[in-house]
Every structure is written in C-alpha cells, then in structure tokens.
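Asker: Structure provided below as structure tokens; questions to follow.
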Amino acid sequence: MIDSITVEVIHHRLISAAKEMMRNLMRTSYSTIVYEIRDFGLGIYDAQGDLLAEAPGLAIFTRSNDYALKNAIEFVGRENIEPGDVILLNYPYWSSAHTLDVAAFAPIYSEGVLVGFTAARIHWLDLKQKDAGYVLDSTDMHQEGIFFPCTKIVKRGELQQDIVNIIKFNSRFADRTVGDMLAQVSACVTGARRVEEIVERFGVEAFLEAGKEVQDHGERLARAGLAELPKGSWSAEDFVDDDGIDMDSLVKMACTVTITDEEMVVDWSASDKQVSGPINLPYGMTLALSSLIFKALTTPDTVATAGNFRPLRVIAPEGNLMHAVPPAPTFTLWTGLLAGEVILKALSECMPDRVPACSGGDVC
C-alpha cells in the first residue's frame with residue numbers, strides 16, 4: 001500500500017515533467033501559433049490512455065488527447081507499440097479535431113512493461129488542404145488535407161525519413177511544418193524520459209499504484225463538486241449562422257443537461273444531423289468541450305486528471321452534428337467554440353450565479 005506522501009511526490013514530478021514538455025515545445029517550435037499562442041495540448045497518461053498530469057495550452061485539447069490516444073492504442077494494437085516509437089494521428093473522427101491539429105504519442109516503458117504514454121497535440125500550418133489556411137467550404141473530408149491514421153513517425157528510436165518527406169512535400173510551409181513536427185516529437189520523447197526516471201526512482205509497482213490513487217482522488221474531488229450542484233434536467237439550443245455551403249439555413253445545436261447524485265449527462269441528441277459544410281464536430285471534440293464545462297463547474301481549482309471526468313457522460317448519436325462520421329467535413333470546428341455556450345445556457349436556468357454570461361464563443 002503506497003503512502004499519500006509518495007503519491008503526491010510522484011504526481012508533482014509528473015506535473016513537472018509535463019511542464020518541461022511544454023517548455024521544450026515552445027522553445028523549439030517554428031511557428032508563432034505554437035510558441036506564442038500556445039495552440040497545443042500535452043500531457044502524461046497511464047498505460048490505458050487516462051490522464052495523469054498535463055501542462056495546458058488550449059484547455060479543450062486535454063480530453064481530446066485522451067480520446068485520440070485510446071483510439072490509437074486500439075488501432076495499432078498494444079502489442080505493436082514498441083519502446084522508442086512516436087505515433088502521429090490526425091484522422092478527425094479518431095483524433096478529436098481537424099486535420100491540422102495533429103496528435104503525437106510516445107509510449108513509456110520500464111523493465112519491459114508499458115507504464116504510460118506522453119502526448120502532444122499542436123496546430124500544424126499546412127497539410128495540403130484544398131485552401132491555404134482555413135478551409136471554409138469543404139464538403140468532403142478528402143478536401144481537408146492528408147491523414148495520418150496512427151502512423152509511426154519514429155520507429156524504435158529511428159526517425160522515419162520517408163514520412164518526413166511526405167509531410168515536407170505536402171505542405172505549403174514545409175520548413176515550419178516539419179520544424180514544428182520535430183519539436184512536437186521532441187516534447188513527447190522528453191516527457192517519456194522524465195517519466196522513465198520517475199519509475200526508476202520509485203519502482204514500477206509504486207508508480208502504477210500512485211497513478212491509480214491520483215485518478216481516484218480526482219474522482220472524489222469531482223463528486224464532491226457534483227454534490228454541490230442543483231439536481232434536475234435543463235435544455236437549451238442555439239444556432240450556427242450557416243455551414244459554409246447552404247448559406248440560407250441555420251444549424252441547430254441543442255443539448256439537455258441532467259444532473260443527478262451520481263453523474264452529469266450532456267445529451268446532444270436534439271442537435272441537427274451532420275451537414276454538408278465543415279462545421280461538423282468529431283465526437284472527441286464534443287466530449288472535450290463538454291468536459292471543459294464540467295470541470296469548470298466541479299473542480300476548477302485543481303490540475304486535471306482522468307478521475308475528474310468519471311462522473312460525466314456525453315451523448316451524441318453517430319451522424320449527429322456533434323458526432324460526425326466519414327466522410328463528413330470537420331475542418332472549421334466553429335461549432336465547438338459555440339457549443340460550450342449552449343451547455344452554460346441550459347445551466348443558467350438553475351445556477352445563474354455559477355455560470356458566466358455568453359461570451360460569443362470565447363469559453364474554449
């Protein structure tokens with residue numbers, strides 16, 4: 001049985017490692033959007049892909065990485081993830097974002113045991129999407145850039161130059177895109193090394209037990225916060241002006257938020273079906289923005305762990321605006337910026353003193 005002091009020491013060393021990943025990324029990246037705007041999300045995860053520690057850039061990316069990492073583990077197969085690998089993923093329906101928000105993952109091994117992962121997601125400048133910058137009128141995912149469906153950019157410690165060349169020759173800003181990618185890989189590798197040092201210092205068994213305790217404590221905090229919220233069910237809706245293709249039709253986002261003693265449920269089933277233009281959301285992004293609001297209401301003053309989100313359930317049927325399926329376009333993600341406001345609009349009926357006034361889409 002691990003003692004609480006050791007748990008805290010390990011947890012804070014993990015947080016320190018995540019912050020070192022962030023500093024590494026910001027100091028070696030090539031693009032302003034990374035090193036100044038902090039359009040990234042990174043963290044350290046256990047072997048199941050659940051969050052242990054993070055250093056936030058864009059808060060909405062936190063659970064996006066969780067969702068993407070679990071999809072990567074399932075697709076690649078745990079048995080095919082080897083020491084020294086780094087995996088790229090930007091397939092929107094698995095990665096929780098559009099094609100330019102590319103996630104990278106590195107496994108962490110100790111004594112031959114997979115003990116966790118590091119992850120870093122950053123916004124790349126260009127990946128051969130049909131228009132430079134943002135695509136506002138795509139009607140098909142294949143107009144939105146090239147995909148990396150869990151591709152090993154580093155294999156057993158060796159950079160795969162063929163993959164680098166594909167990126168280089170499919171980007172309008174090749175040097176910056178490749179430079180940012182290498183900074184991203186470096187951040188993941190740096191984090192993995194630091195965690196390896198922690199495991200070497202405390203032992204595999206203590207590390208794994210500490211991770212479980214950290215997440216269980218995060219759940220207890222979230223449930224304490226949930227207990228303070230009013231119980232009941234509330235609904236709200238709002239509209240995106242258009243989808244970029246059909247300029248005459250509003251697109252409805254609608255959610256029902258139900259709070260019980262055991263959980264908060266955010267149900268997006270009443271939203272419109274996925275549309276022709278690129279404002280559809282991958283489910284991982286819907287999960288992330290719903291999680292952001294839940295954390296703000298229940299555990300706003302503590303660092304995030306996977307346990308914080310155990311009392312949250314997010315419903316969005318496949319083919320819904322909030323759960324796009326291939327080949328629906330997803331590039332603009334504006335819906336994600338506005339959808340958090342819809343949750344808050346519903347909750348303003350029961351807790352007007354706890355939610356902010358509408359920001360016009362700046363919650364994320």
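In the structure tokens, chains take letters A, B, ... by order of appearance, with residues numbered from 1 within each chain and ligands from 1 in the order shown.
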Compile the contact shell of A:Ala68 as JSON, numbers by chain: residues with an atom at most 12 Å away, counting only C-alpha atoms, same-chain residues fewer than 5 positions apart removed.

Answerer: {"A": [45, 48, 49, 50, 51, 61, 62, 63, 73, 74, 75, 87, 88, 89, 90, 91, 92, 93, 94, 95, 96, 97, 101, 102, 103, 104, 105, 119, 120, 121, 149, 150, 282, 283, 284, 285, 287, 288]}

Asker: Which residue is closest to A:Trp124? Choose from A:Asn80, A:Asp46, A:Asp39, A:Asn71 and count only C-alpha atoms.

Answerer: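 Using only C-alpha atoms, the shortest distance to A:Trp124 belongs to A:Asp39.
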
Asker: Can you tell me, as a PyMOL selection string, what residues are no more than 8 Å from A:Arg38 when counting only C-alpha atoms, ignoring any on the same chain fewer than 3 positions away?

Answerer: chain A and resi 26+33-35+57-58

Asker: May I have the selected residues written with all heavy atoms, as a short mmCIF file (atom, residue, chain, number, x, y, z; two decimals), in the first residue's frame?

Answerer:
```cif
data_model
loop_
_atom_site.label_atom_id
_atom_site.label_comp_id
_atom_site.auth_asym_id
_atom_site.auth_seq_id
_atom_site.Cartn_x
_atom_site.Cartn_y
_atom_site.Cartn_z
N MET A 26 7.70 24.88 -26.73
CA MET A 26 7.63 26.30 -27.02
C MET A 26 8.99 26.87 -27.45
O MET A 26 9.06 27.79 -28.26
CB MET A 26 7.10 27.05 -25.80
CG MET A 26 5.64 26.74 -25.48
SD MET A 26 5.05 27.57 -23.99
CE MET A 26 5.12 29.29 -24.51
N ILE A 33 2.03 30.33 -33.77
CA ILE A 33 0.80 29.76 -33.23
C ILE A 33 1.10 28.73 -32.14
O ILE A 33 0.26 28.48 -31.27
CB ILE A 33 -0.04 29.12 -34.37
CG1 ILE A 33 -1.48 28.90 -33.90
CG2 ILE A 33 0.59 27.82 -34.86
CD1 ILE A 33 -2.44 28.57 -35.01
N VAL A 34 2.30 28.18 -32.13
CA VAL A 34 2.69 27.24 -31.09
C VAL A 34 3.38 27.97 -29.94
O VAL A 34 2.96 27.88 -28.79
CB VAL A 34 3.62 26.14 -31.64
CG1 VAL A 34 4.02 25.17 -30.53
CG2 VAL A 34 2.94 25.38 -32.78
N TYR A 35 4.45 28.72 -30.23
CA TYR A 35 5.27 29.24 -29.13
C TYR A 35 4.72 30.51 -28.50
O TYR A 35 5.14 30.87 -27.40
CB TYR A 35 6.73 29.42 -29.55
CG TYR A 35 7.02 30.41 -30.66
CD1 TYR A 35 6.98 31.79 -30.45
CD2 TYR A 35 7.40 29.96 -31.93
CE1 TYR A 35 7.27 32.68 -31.46
CE2 TYR A 35 7.70 30.85 -32.94
CZ TYR A 35 7.65 32.21 -32.70
OH TYR A 35 7.96 33.09 -33.72
N GLY A 57 -2.28 24.02 -22.79
CA GLY A 57 -2.17 25.10 -23.74
C GLY A 57 -3.61 25.56 -23.96
O GLY A 57 -4.14 26.36 -23.22
N LEU A 58 -4.28 24.96 -24.98
CA LEU A 58 -5.72 25.14 -25.13
C LEU A 58 -6.40 24.07 -24.27
O LEU A 58 -6.21 22.87 -24.51
CB LEU A 58 -6.14 24.99 -26.59
CG LEU A 58 -5.62 26.03 -27.57
CD1 LEU A 58 -6.23 25.80 -28.94
CD2 LEU A 58 -5.88 27.44 -27.10
#
```

Asker: Pull the alpha helix (DSSP H) assignments for stretch 64-308 of chain A out of DSSP run on the backbone, and list those residues as a PyMOL selection string.

Answerer: chain A and resi 64-76+92-95+161-169+174-202+204-227+283-298

Asker: List the spatial neighbours of A:His323 as a list of chain:residue names - criterion: any atom at most 8 Å away, only C-alpha atoms, same-chain residues fewer than 3 positions off excluded.

Answerer: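 My list of contacting residues is A:Gln274, A:Asn280, A:Leu281, A:Pro282, A:Tyr283, A:Thr286, A:Ala316, A:Pro317, A:Glu318, A:Gly319, A:Asn320.
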
Asker: What residues in stretch 236-286 of chain A get the DSSP label strand (DSSP E or B)? Please answer as an mmCIF file with C-alpha atoms, in the first residue's frame.

Answerer:
```
data_model
loop_
_atom_site.group_PDB
_atom_site.id
_atom_site.type_symbol
_atom_site.label_atom_id
_atom_site.label_comp_id
_atom_site.auth_asym_id
_atom_site.auth_seq_id
_atom_site.Cartn_x
_atom_site.Cartn_y
_atom_site.Cartn_z
ATOM 1 C CA ALA A 236 -31.085 24.886 -24.388
ATOM 2 C CA GLU A 237 -30.381 25.456 -28.037
ATOM 3 C CA ASP A 238 -28.530 27.904 -30.235
ATOM 4 C CA PHE A 239 -27.700 28.197 -33.905
ATOM 5 C CA VAL A 240 -24.707 28.457 -36.198
ATOM 6 C CA VAL A 251 -27.781 24.894 -37.979
ATOM 7 C CA LYS A 252 -29.115 23.906 -34.573
ATOM 8 C CA MET A 253 -27.018 22.864 -31.571
ATOM 9 C CA ALA A 254 -29.216 21.579 -28.753
ATOM 10 C CA CYS A 255 -28.370 19.876 -25.501
ATOM 11 C CA THR A 256 -30.127 18.619 -22.416
ATOM 12 C CA VAL A 257 -28.075 18.623 -19.214
ATOM 13 C CA THR A 258 -29.195 16.260 -16.472
ATOM 14 C CA ILE A 259 -27.569 16.325 -13.039
ATOM 15 C CA MET A 264 -23.889 14.807 -15.107
ATOM 16 C CA VAL A 265 -25.218 13.810 -18.521
ATOM 17 C CA VAL A 266 -24.847 16.142 -21.515
ATOM 18 C CA ASP A 267 -27.090 14.882 -24.303
ATOM 19 C CA LYS A 273 -27.836 15.936 -38.260
#
```

Asker: I'd like the contact shell of A:Glu144 - 9 Å cut-off, only C-alpha atoms, skipping same-chain residues fewer than 6 positions apart - returned as an mmCIF file with C-alpha atoms, in the first residue's frame.

Answerer:
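Result file selection_6.cif:
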```cif
data_model
loop_
_atom_site.group_PDB
_atom_site.id
_atom_site.type_symbol
_atom_site.label_atom_id
_atom_site.label_comp_id
_atom_site.auth_asym_id
_atom_site.auth_seq_id
_atom_site.Cartn_x
_atom_site.Cartn_y
_atom_site.Cartn_z
ATOM 1 C CA HIS A 98 -9.491 18.782 -37.633
ATOM 2 C CA THR A 99 -6.602 17.590 -39.794
ATOM 3 C CA LEU A 100 -4.213 20.392 -38.809
ATOM 4 C CA LEU A 127 -1.111 19.650 -44.741
ATOM 5 C CA LYS A 128 -2.218 20.093 -48.334
ATOM 6 C CA GLN A 129 -5.797 21.036 -47.515
ATOM 7 C CA LYS A 130 -7.509 22.448 -50.580
ATOM 8 C CA ASP A 131 -7.055 26.075 -49.461
ATOM 9 C CA VAL A 135 -10.956 25.584 -45.307
ATOM 10 C CA SER A 138 -15.250 21.771 -47.885
ATOM 11 C CA PRO A 329 -16.166 17.570 -43.389
ATOM 12 C CA THR A 330 -14.984 18.825 -39.980
ATOM 13 C CA PHE A 331 -12.397 21.483 -40.725
#
```
